[in-house]
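Taking it in order: structure first as structure tokens, then the write-up.
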Amino acid sequence: MYIPSLETPIIVPTVAREDMSPQKKHWMVTIQEVFYPALATVGIPSNIITFLIIWRRNCMLSRSSTFYLMAMSVADNLVLIFIVVLELSVKYHQQEPFWSYEPWCSLRDIFNYGAYNASTWLVVVFTMERFVAIHTWKLKTKICTTRCAAWTTTAVFLFSHVFAIPYYRSNASVNKNNQTTCVYNPEAPTQFIHALVGLQTLQAYIFPFLIILTLNGLTLRLISLSNRVHIAADLTSRVNKVLPLLHSRKRKSVMLLVTVSMSFVLLSVTRAITQIIIRTTHMYSFDRNDYSLWINIAADIGTMLSLTNAAANMYLYVCTQSKFRQEFFACVQQVSTYCKTKL
């Protein structure tokens, strides 16, 4: 789809489809045609496996953390299904995708933004919950509970989709040059579109980044201070062990927190920077299909990295959590044994 005046606030980039022969395809288009189906093929099964392992196995996680990590797996799979599969993979391989027509054209962004914002803010609330669990015992008993985690994750899913409802009026299905496309609603006020773009930038990038970086910075400062704690002995030979604030299990909790949250920031920062540049400069009027412009290539690379976050968590857990790694390999061994017996 082609939007002449504004860069689309949709998570995915726009791609020209008009009579594009293989010789005329830009290398970025070819990469994305292969990348997004491969991402979905790898990511959706890994998120399902992650959900099942955390749910059915003992990964030495608190019950509240278990709720948040399972919810993140669900949200990431929704991102992969709605954006990577139904949006991008279909778009790159069909001349007129099904969402070019009503009512899908109007409904598409509700599901896209609902899934993406839920995935983003689950990382944020998980970071906040672990920060509370690490820093204070009084609030931990009230906030870091299964009941609170269940209500919080439900609220994140609900409000993420509620805040996406205004996008129902942002798009319209139009027929131009005998091709049906889903574009900005020409009857929608420009101020309305700009407001949607600005709010999405704030809630998907600015606020989450500020919260995650601030809380992780305070957590790392706590680790630095805790390393100074040592064993003290009094003159009567009675040894008083001053336990480190972060014992072994809590250090693993910190590692999990920092790994999940910082990987989200690192994979999303390119997308955030390019979209802020596009939306705050004259570049918003550029044709997003023109790959001779460096900003379009950078924006599409940022989108690819950002969506990769939805498929990466299982591999992060395997690399950083020994108990999860053990349970994962145990499951792989069971499946392998089962397949051998059936064959």
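Every chain in the structure tokens has a letter given in the order shown (A, B, ...), and although residue numbers restart at 1 in each chain, ligands are simply numbered from 1 in the order shown.
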
Exercise. Near Trp151 of chain A, counting only C-alpha atoms, which residues have an atom at most 12 Å away, once you skip same-chain residues fewer than 4 positions from it, shown as a VMD selection string?
Worked result: chain A and resid 64 67 to 68 71 125 143 to 147 155 to 158

Output as a tab-separated table one row per residue of segment 116-186 of chain A within 12 Å of segment 308-315 of chain A: the closest atom pair and its distance in Å to one decimal place, counting only C-alpha atoms, sorted by chain and residue number ascending.
residue	atom	partner	partner_atom	distance
A:Tyr116	CA	A:Ala310	CA	9.1
A:Asn117	CA	A:Ala310	CA	11.8
A:Ala118	CA	A:Ala310	CA	11.4
A:Ser119	CA	A:Ala310	CA	7.8
A:Thr120	CA	A:Ala310	CA	9.6
A:Leu122	CA	A:Ala310	CA	11.9
A:Val123	CA	A:Asn309	CA	11.0

Exercise. Hey, what's within 8 Å of Leu257 of chain A if we count only C-alpha atoms and toss same-chain stuff fewer than 2 positions away? As a list in words, please?
Worked result: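 Once the adjacent positions are removed, what remains is Phe126, Thr127, Arg130, Ser253, Val254, Met255, Thr259, Val260 and Ser261 of chain A.
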
Using only C-alpha atoms, what table do you get, as CSV, when you list each residue of segment 46-154 of chain A with an atom no more than 10 Å from segment 176-183 of chain A, its nearest pair of atoms, and their distance in Å rounded to one decimal, rows by chain then rising number?
residue,atom,partner,partner_atom,distance
A:Gln95,CA,A:Gln179,CA,8.4
A:Glu96,CA,A:Thr180,CA,6.5
A:Pro97,CA,A:Thr181,CA,8.4
A:Phe98,CA,A:Thr181,CA,9.7
A:Trp99,CA,A:Cys182,CA,7.2
A:Ser100,CA,A:Cys182,CA,4.7
A:Tyr101,CA,A:Cys182,CA,7.1
A:Glu102,CA,A:Cys182,CA,8.8
A:Trp104,CA,A:Cys182,CA,9.2
A:Cys105,CA,A:Cys182,CA,5.8
A:Ser106,CA,A:Cys182,CA,8.4
A:Arg108,CA,A:Cys182,CA,9.8

For the selection you just gave me, I'd like the residues written to a file as a tab-separated table (two decimals), in the first residue's frame, keeping N, CA and C atoms.
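So the final result, stored in result16.tsv, reads:
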chain	number	residue	atom	x	y	z
A	95	GLN	N	-0.83	-10.09	-4.27
A	95	GLN	CA	-1.02	-8.78	-4.89
A	95	GLN	C	-2.04	-7.95	-4.11
A	96	GLU	N	-3.14	-8.58	-3.71
A	96	GLU	CA	-4.17	-7.89	-2.93
A	96	GLU	C	-4.50	-8.74	-1.70
A	97	PRO	N	-3.83	-8.50	-0.58
A	97	PRO	CA	-4.09	-9.29	0.64
A	97	PRO	C	-5.53	-9.12	1.10
A	98	PHE	N	-5.99	-10.08	1.89
A	98	PHE	CA	-7.39	-10.05	2.34
A	98	PHE	C	-7.69	-8.82	3.17
A	99	TRP	N	-6.66	-8.28	3.87
A	99	TRP	CA	-6.92	-7.11	4.70
A	99	TRP	C	-6.95	-5.80	3.90
A	100	SER	N	-6.87	-5.90	2.59
A	100	SER	CA	-7.08	-4.70	1.77
A	100	SER	C	-8.56	-4.34	1.68
A	101	TYR	N	-9.42	-5.29	2.05
A	101	TYR	CA	-10.86	-5.10	1.94
A	101	TYR	C	-11.48	-4.90	3.33
A	102	GLU	N	-12.65	-4.27	3.32
A	102	GLU	CA	-13.40	-4.11	4.56
A	102	GLU	C	-14.08	-5.43	4.91
A	104	TRP	N	-11.77	-5.94	7.26
A	104	TRP	CA	-10.45	-6.24	7.79
A	104	TRP	C	-9.52	-5.04	7.74
A	105	CYS	N	-9.70	-4.17	6.75
A	105	CYS	CA	-8.84	-2.99	6.66
A	105	CYS	C	-8.98	-2.11	7.90
A	106	SER	N	-10.20	-1.97	8.40
A	106	SER	CA	-10.43	-1.15	9.60
A	106	SER	C	-10.05	-1.88	10.87
A	108	ARG	N	-7.76	-4.36	11.18
A	108	ARG	CA	-6.39	-4.87	11.20
A	108	ARG	C	-5.52	-4.22	12.27

For this session: From a DSSP pass on the backbone, collect the residues of segment 104-336 of chain A flagged as alpha helix (DSSP H) and hand them back as an MDAnalysis selection string.
Result: chainID A and resid 104:135 137:143 146:162 190:201 207:226 248:280 294:308 313:320 322:336

For this session: Determine the nearest neighbour of Thr190 of chain A from the options A:Pro208, A:Ser170, A:Ile44, A:Lys252, counting only C-alpha atoms.
Result: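 For Thr190 of chain A, the nearest of the candidates is A:Ser170.
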
For this session: Tell me which protein, DNA and RNA residues are within 12 Å of Leu39 of chain A, counting only C-alpha atoms, leaving out same-chain ones fewer than 3 positions away, and put them as number ranges by chain.
Result: A: 31-36, 42-47, 76-77, 79-81, 83-85, 88-89, 304-312

For this session: Could you tell me, as a VMD selection string, which residues of segment 140-230 of chain A DSSP assigns to strand (DSSP E or B) when given the backbone?
Result: chain A and resid 171 to 176 179 to 184

Can I get the selection written as an mmCIF file, in the first residue's frame, with N, CA and C atoms?
data_model
loop_
_atom_site.group_PDB
_atom_site.id
_atom_site.type_symbol
_atom_site.label_atom_id
_atom_site.label_comp_id
_atom_site.auth_asym_id
_atom_site.auth_seq_id
_atom_site.Cartn_x
_atom_site.Cartn_y
_atom_site.Cartn_z
ATOM 1 N N ASN A 171 -8.032 3.863 8.899
ATOM 2 C CA ASN A 171 -7.794 3.270 7.586
ATOM 3 C C ASN A 171 -9.077 3.123 6.786
ATOM 4 N N ALA A 172 -8.912 3.014 5.475
ATOM 5 C CA ALA A 172 -10.052 2.797 4.583
ATOM 6 C C ALA A 172 -9.582 1.998 3.375
ATOM 7 N N SER A 173 -10.466 1.162 2.855
ATOM 8 C CA SER A 173 -10.161 0.366 1.668
ATOM 9 C C SER A 173 -10.547 1.158 0.423
ATOM 10 N N VAL A 174 -9.577 1.370 -0.479
ATOM 11 C CA VAL A 174 -9.823 2.153 -1.687
ATOM 12 C C VAL A 174 -9.361 1.351 -2.900
ATOM 13 N N ASN A 175 -9.968 1.632 -4.028
ATOM 14 C CA ASN A 175 -9.598 0.990 -5.285
ATOM 15 C C ASN A 175 -8.971 2.035 -6.187
ATOM 16 N N LYS A 176 -7.719 1.800 -6.544
ATOM 17 C CA LYS A 176 -6.986 2.744 -7.377
ATOM 18 C C LYS A 176 -6.208 1.964 -8.426
ATOM 19 N N GLN A 179 -6.610 -1.757 -8.402
ATOM 20 C CA GLN A 179 -6.001 -2.484 -7.290
ATOM 21 C C GLN A 179 -6.562 -1.945 -5.979
ATOM 22 N N THR A 180 -7.031 -2.858 -5.132
ATOM 23 C CA THR A 180 -7.587 -2.478 -3.844
ATOM 24 C C THR A 180 -6.486 -2.445 -2.797
ATOM 25 N N THR A 181 -6.385 -1.341 -2.077
ATOM 26 C CA THR A 181 -5.366 -1.172 -1.049
ATOM 27 C C THR A 181 -5.995 -0.619 0.214
ATOM 28 N N CYS A 182 -5.311 -0.824 1.326
ATOM 29 C CA CYS A 182 -5.739 -0.287 2.619
ATOM 30 C C CYS A 182 -4.846 0.890 2.958
ATOM 31 N N VAL A 183 -5.424 2.098 2.971
ATOM 32 C CA VAL A 183 -4.652 3.323 3.184
ATOM 33 C C VAL A 183 -5.312 4.140 4.288
ATOM 34 N N TYR A 184 -4.647 5.235 4.647
ATOM 35 C CA TYR A 184 -5.269 6.150 5.588
ATOM 36 C C TYR A 184 -6.621 6.620 5.063
#
